[in-house]
Every structure is written in structure tokens, then in C-alpha cells.
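What follows is a short report on a single structure.
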Amino acid sequence: EVADLLGVIERLAGELSLAGTTTYQGGGGNAALSWGTTKFGLFAGGGGRKVGELRPGGGIDSHAAVTRFLGVPSDLLMDDRLPNTGFHQFNGMIKTNWTPSSRTQVVSAYTATRQDGAHRYDQELGGDGNLIAELNDLTLDLFYTRLERSGLGWFDHGAFTYSINSQREERVNQGGQGSSTAAIGHEPERTTSNAVQIALNKSLARANFQVGGDAQFEKLISDSFNINPVTGARSLRRPRVPSHAEFMQGGVFAQMGFDAVPDRLRVVGAIRVGHASYEASADVAPVSGGKPLWPDDSFSTTSTTFRAGAI
């Protein structure tokens, strides 16, 4: 009745779910809501979970550091629940679908997730025996929008997509052969990627033809330093990848499928010209001992690849 009176609501729906487990004493839940009309659709959802410490079968970890290095069962020196195996996580998503005309559709979506409190247990008591191997503040933010349209000149259909993807993490490590006074290394990183993609399709009598291209532009922001746990002094170190390093990859392609013998034999072929490049600059590098932590560096390559087959 509400739909009839307003003349807009075609569908309204939702769901809610909860879950729990004793294996790692955790639980979580998620909720979602969708709403749509004849021209517009909306979906939104989110959830979270808390993962506690894991209990392996029999309460014994066969790969634990005490077993690997000391040769004793893990339950002699560890609890039956593995330390530092828990974490917490939250996420959300919103997606829209808009059809302004019978020939055009626009789809957009944003997804985000946050995870914290995690450890690389395999590098701590679960294997290598390091004192600290944290994996902190894992984040993901992904947005994309895609325009699809039929009847683009000679082509039957075209799709144009833009996306931005940004991810962050921080690794914190302390090895030092078991010494609590060894330096604690911090490596926070964020990688952001902007990408575009185009694809055009044409259906022929016994064939399907597609051409397109894509390009992805990435930039990494990183930091790396040690903290002296005794004095609190901070010292620079070279990160895994130089900060402000830029990456580009992309290419153009064409592919075709042809029914050589209808309902019996189909041949397919594709060709792509791809390019990739990388560049890092010493101008933005921190200076340690009078020298930048990394030199100027760059690389680029272009290649042509193909694919052929028969079904």
C-alpha cells in the first residue's frame, strides 16, 4: 500500500545475522538493507567480528617455537589457547545502481574495512620465536563507478570504469635472539591506486569482437624506523619500498571469438600491448649519515602478448 501511494518504492528488504564460535571464543554479526525503484537501487551493509585466541586440536601446536627449537610439546610452556592469535575487524559497504534510460546504467560502490590487534603468530611463539610481530591498523578503502551504455556507434555495448583503492598497514617487529632490549622496528605503509578501464563490444553474425584498454597508477607512502626500547631513541632505516615510489601499468587489447563450425567448433584469439614502469626519487628520501636512504631508481618495459585457442 505504501508503494502504491508513493509511486516510488518497488522493494525494501533487509537482513540481520549473528554468529559465535568456541574454537577461538569469538563472535560477530552483520546487517544489510536494500531499497529500489524502477530506475534506482541502493544496498548498504556492515558488520564486525571479534576473534579470540585460537585453541588447536588437543590444545597442542605442533609448529610452536618451543617444539621447533626446544623439542618439547607446546602445552608444557604455553596455554592451550595460542597467544596473540586474536584480532577485531569492522567493515561497511554501500552500492547504488542507477538506470536513467534503457540504454544507460551507472553502478557505483564504496567498501571499507578496518582490522587491528593482529599478530603474525607464525613469527612469534607459533614458529620463529620473535618477541614482537604485530600487524596493526589494516585498512581498505575501495570506490569504483562504472558507466555502461548500449549502441555506441558501430559497437553494441561499451563499459567505462574508474576506481580508487587505498590500503594501509603497519608491521612492528622485534627479534634480537630473544633479547627484550633489541630494537623494535616499525614499518607503516599506504598504497593508493587510481585505475581506469574501457571495453567496447560488437556482435557479428558468427563472431564477437572486443577492444579496450586499462591503466593503473599507484603511489606508495612508507616510513621505516627503529625504536630503542631502553632509551626510546628513534633511528631511521630503509623501508621495503622507497616512499613516494610510483608505479604504472596498463595496456590496450583486442580479442575475437569466431564460430568456425556453428555449435561444433569455436576459435578464439586475443592480443595485448602492455606497459609497466616504476620510479623512485632520492630527493624525497630521508637523510641518514649524510646520504639519502635510497638512490634514484626507475624501470620501464613494454611487451606484446597473445592468446589463441579452440573449443
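Letters A, B, ... go to the chains of the C-alpha cells in the order shown; residues in each chain start at 1; ligands are counted from 1 in the same order.
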| task | Based on DSSP run over this structure's backbone, return all residues of segment 27-267 of chain A in alpha helix (DSSP H), as a list in words. | result | Ala65, Val66, Thr67, Arg68, Phe69 and Leu70 of chain A
Residue selection dump (N, CA, C and O atoms) as an mmCIF file, in the first residue's frame:
```
data_model
loop_
_atom_site.group_PDB
_atom_site.id
_atom_site.type_symbol
_atom_site.label_atom_id
_atom_site.label_comp_id
_atom_site.auth_asym_id
_atom_site.auth_seq_id
_atom_site.Cartn_x
_atom_site.Cartn_y
_atom_site.Cartn_z
ATOM 1 N N ALA A 65 57.244 -22.540 18.466
ATOM 2 C CA ALA A 65 58.682 -22.318 18.579
ATOM 3 C C ALA A 65 59.304 -23.216 19.636
ATOM 4 O O ALA A 65 60.430 -23.704 19.472
ATOM 5 N N VAL A 66 58.597 -23.473 20.746
ATOM 6 C CA VAL A 66 59.164 -24.319 21.805
ATOM 7 C C VAL A 66 59.360 -25.745 21.314
ATOM 8 O O VAL A 66 60.269 -26.459 21.763
ATOM 9 N N THR A 67 58.520 -26.179 20.372
ATOM 10 C CA THR A 67 58.681 -27.520 19.797
ATOM 11 C C THR A 67 59.787 -27.526 18.753
ATOM 12 O O THR A 67 60.625 -28.443 18.711
ATOM 13 N N ARG A 68 59.822 -26.510 17.910
ATOM 14 C CA ARG A 68 60.820 -26.446 16.851
ATOM 15 C C ARG A 68 62.235 -26.312 17.396
ATOM 16 O O ARG A 68 63.165 -26.945 16.902
ATOM 17 N N PHE A 69 62.411 -25.462 18.428
ATOM 18 C CA PHE A 69 63.756 -25.152 18.903
ATOM 19 C C PHE A 69 64.157 -25.905 20.161
ATOM 20 O O PHE A 69 65.347 -26.128 20.395
ATOM 21 N N LEU A 70 63.174 -26.268 20.995
ATOM 22 C CA LEU A 70 63.485 -26.937 22.256
ATOM 23 C C LEU A 70 63.061 -28.398 22.276
ATOM 24 O O LEU A 70 63.458 -29.150 23.170
#
```
| request: Would you mind listing what lies within 7 Å of Pro295 of chain A as number ranges by chain, with only C-alpha atoms counted and same-chain residues fewer than 3 positions away left out? | output: A: 281-282, 292
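The space between atom CA of Phe253 of chain A and atom CA of Ala109 of chain A spans 26.3 Å.
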| remark: The distance between atom CA of Ser150 of chain A and atom CA of Gly213 of chain A is 18.1 Å
Using only C-alpha atoms, which residues of segment 202-249 of chain A come within 7 Å of segment 175-193 of chain A, and what is the closest atom pair for each, with the distance in Å to one decimal? Give it as JSON lines, sorted by chain and residue number.
```
{"residue": "A:Gln216", "atom": "CA", "partner": "A:Ser193", "partner_atom": "CA", "distance": 6.6}
{"residue": "A:Phe217", "atom": "CA", "partner": "A:Ser193", "partner_atom": "CA", "distance": 5.5}
{"residue": "A:Glu218", "atom": "CA", "partner": "A:Ser193", "partner_atom": "CA", "distance": 4.2}
{"residue": "A:Lys219", "atom": "CA", "partner": "A:Thr192", "partner_atom": "CA", "distance": 5.5}
{"residue": "A:Leu220", "atom": "CA", "partner": "A:Thr191", "partner_atom": "CA", "distance": 4.4}
{"residue": "A:Ile221", "atom": "CA", "partner": "A:Arg190", "partner_atom": "CA", "distance": 5.2}
{"residue": "A:Ser222", "atom": "CA", "partner": "A:Glu189", "partner_atom": "CA", "distance": 4.3}
{"residue": "A:Asp223", "atom": "CA", "partner": "A:Pro188", "partner_atom": "CA", "distance": 5.6}
{"residue": "A:Ser224", "atom": "CA", "partner": "A:Glu187", "partner_atom": "CA", "distance": 4.6}
{"residue": "A:Phe225", "atom": "CA", "partner": "A:His186", "partner_atom": "CA", "distance": 5.5}
{"residue": "A:Asn226", "atom": "CA", "partner": "A:Gly185", "partner_atom": "CA", "distance": 4.4}
{"residue": "A:Ile227", "atom": "CA", "partner": "A:Ile184", "partner_atom": "CA", "distance": 5.1}
{"residue": "A:Asn228", "atom": "CA", "partner": "A:Ala183", "partner_atom": "CA", "distance": 4.9}
{"residue": "A:Pro229", "atom": "CA", "partner": "A:Thr181", "partner_atom": "CA", "distance": 5.8}
{"residue": "A:Val230", "atom": "CA", "partner": "A:Thr181", "partner_atom": "CA", "distance": 6.2}
{"residue": "A:Pro239", "atom": "CA", "partner": "A:Glu187", "partner_atom": "CA", "distance": 6.9}
```
| request: Name the residues in contact with Thr21 of chain A at a cut-off of 12 Å, using only C-alpha atoms, excluding same-chain residues fewer than 2 positions from it; report them as a VMD selection string. | output: chain A and resid 18 to 19 23 to 29 49 to 55
Keeping only C-alpha atoms, write the selected residues to a file as a short mmCIF file (atom, residue, chain, number, x, y, z; two decimals), in the first residue's frame.
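Generated output (again-v4.cif):
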```
data_model
loop_
_atom_site.label_atom_id
_atom_site.label_comp_id
_atom_site.auth_asym_id
_atom_site.auth_seq_id
_atom_site.Cartn_x
_atom_site.Cartn_y
_atom_site.Cartn_z
CA LEU A 18 24.76 -13.13 14.27
CA ALA A 19 27.41 -15.79 14.74
CA THR A 23 37.11 -22.56 18.69
CA TYR A 24 38.51 -19.06 19.11
CA GLN A 25 35.93 -17.67 21.57
CA GLY A 26 34.68 -15.05 19.20
CA GLY A 27 31.61 -13.75 17.54
CA GLY A 28 30.19 -11.11 15.28
CA GLY A 29 27.33 -10.06 13.12
CA ARG A 49 33.66 -9.55 14.44
CA LYS A 50 35.91 -10.23 17.40
CA VAL A 51 38.24 -13.18 17.06
CA GLY A 52 39.66 -14.51 20.30
CA GLU A 53 42.68 -16.73 20.83
CA LEU A 54 42.58 -19.97 18.89
CA ARG A 55 42.58 -23.40 20.52
#
```
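For Leu33 of chain A, the non-local neighbours within 6 Å, defined as residues at least 2 positions apart in the same chain or in other chains and counting only C-alpha atoms, are Ala13, Gly14, Phe43 and Ala44 of chain A.
Using only C-alpha atoms, the nearest neighbour of Val107 of chain A within the list A:Gly20, A:Pro56, A:Pro286, A:Gly41 is A:Gly41.
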| said: Give me the residues near His119 of chain A as a ChimeraX atom specification, where near means some atom within 9 Å (using only C-alpha atoms) and where sequence neighbours in that chain fewer than 6 positions away do not count. | reply: /A:84-87,132-136
Could you save the residues just selected, with N, CA, C and O atoms, as a PDB file, in the first residue's frame?
```pdb
ATOM      1  N   ASN A  84      48.165 -14.320  21.250  1.00  0.00           N
ATOM      2  CA  ASN A  84      48.249 -13.335  20.165  1.00  0.00           C
ATOM      3  C   ASN A  84      47.723 -13.856  18.838  1.00  0.00           C
ATOM      4  O   ASN A  84      48.248 -13.519  17.777  1.00  0.00           O
ATOM      5  N   THR A  85      46.671 -14.670  18.872  1.00  0.00           N
ATOM      6  CA  THR A  85      46.049 -15.126  17.627  1.00  0.00           C
ATOM      7  C   THR A  85      44.697 -14.450  17.383  1.00  0.00           C
ATOM      8  O   THR A  85      44.009 -14.793  16.429  1.00  0.00           O
ATOM      9  N   GLY A  86      44.314 -13.517  18.215  1.00  0.00           N
ATOM     10  CA  GLY A  86      43.034 -12.838  18.051  1.00  0.00           C
ATOM     11  C   GLY A  86      43.181 -11.496  17.360  1.00  0.00           C
ATOM     12  O   GLY A  86      44.269 -10.955  17.185  1.00  0.00           O
ATOM     13  N   PHE A  87      42.055 -10.936  16.952  1.00  0.00           N
ATOM     14  CA  PHE A  87      42.004  -9.600  16.351  1.00  0.00           C
ATOM     15  C   PHE A  87      40.545  -9.172  16.295  1.00  0.00           C
ATOM     16  O   PHE A  87      39.632  -9.948  16.584  1.00  0.00           O
ATOM     17  N   ILE A 132      58.142  -9.794  19.096  1.00  0.00           N
ATOM     18  CA  ILE A 132      57.014  -8.994  18.608  1.00  0.00           C
ATOM     19  C   ILE A 132      56.906  -9.186  17.102  1.00  0.00           C
ATOM     20  O   ILE A 132      57.909  -9.124  16.379  1.00  0.00           O
ATOM     21  N   ALA A 133      55.706  -9.430  16.633  1.00  0.00           N
ATOM     22  CA  ALA A 133      55.421  -9.460  15.194  1.00  0.00           C
ATOM     23  C   ALA A 133      53.976  -9.021  15.012  1.00  0.00           C
ATOM     24  O   ALA A 133      53.102  -9.822  14.704  1.00  0.00           O
ATOM     25  N   GLU A 134      53.743  -7.729  15.212  1.00  0.00           N
ATOM     26  CA  GLU A 134      52.389  -7.193  15.152  1.00  0.00           C
ATOM     27  C   GLU A 134      52.035  -6.773  13.726  1.00  0.00           C
ATOM     28  O   GLU A 134      52.903  -6.402  12.934  1.00  0.00           O
ATOM     29  N   LEU A 135      50.757  -6.817  13.433  1.00  0.00           N
ATOM     30  CA  LEU A 135      50.227  -6.353  12.155  1.00  0.00           C
ATOM     31  C   LEU A 135      49.063  -5.425  12.486  1.00  0.00           C
ATOM     32  O   LEU A 135      47.945  -5.876  12.722  1.00  0.00           O
ATOM     33  N   ASN A 136      49.356  -4.136  12.532  1.00  0.00           N
ATOM     34  CA  ASN A 136      48.417  -3.164  13.084  1.00  0.00           C
ATOM     35  C   ASN A 136      47.730  -2.327  12.018  1.00  0.00           C
ATOM     36  O   ASN A 136      48.284  -2.065  10.950  1.00  0.00           O
TER      37      ASN A 136
END
```
| Distance criterion (only C-alpha atoms): nearest to Ser163 of chain A out of A:Phe299, A:Trp294, A:Phe143, A:Tyr110 | A:Phe143
| message | Residues within 6 Å of Ala112 of chain A, please, as an MDAnalysis selection string. Count only C-alpha atoms; anything in the same chain fewer than 2 positions from it doesn't count. | response | chainID A and resid 91:92 140:141
| For the atom pair atom CA of Tyr121 of chain A and atom CA of Pro73 of chain A, what is the interatomic distance in Å to one decimal place? | 17.0 Å
| query | Per DSSP on the backbone, what are the strand (DSSP E) residues of segment 88-302 of chain A, as a PyMOL selection string? | reply | chain A and resi 88-101+104-116+118-119+132-152+155-174+184-203+207-222+225-227+234-236+245-261+265-280+287-288+291-292+297-302
| query | Between A:Leu142, A:Asn30, A:Ile271, A:Arg171, which one has atoms that come closest to Thr304 of chain A, using only C-alpha atoms? | reply | A:Ile271
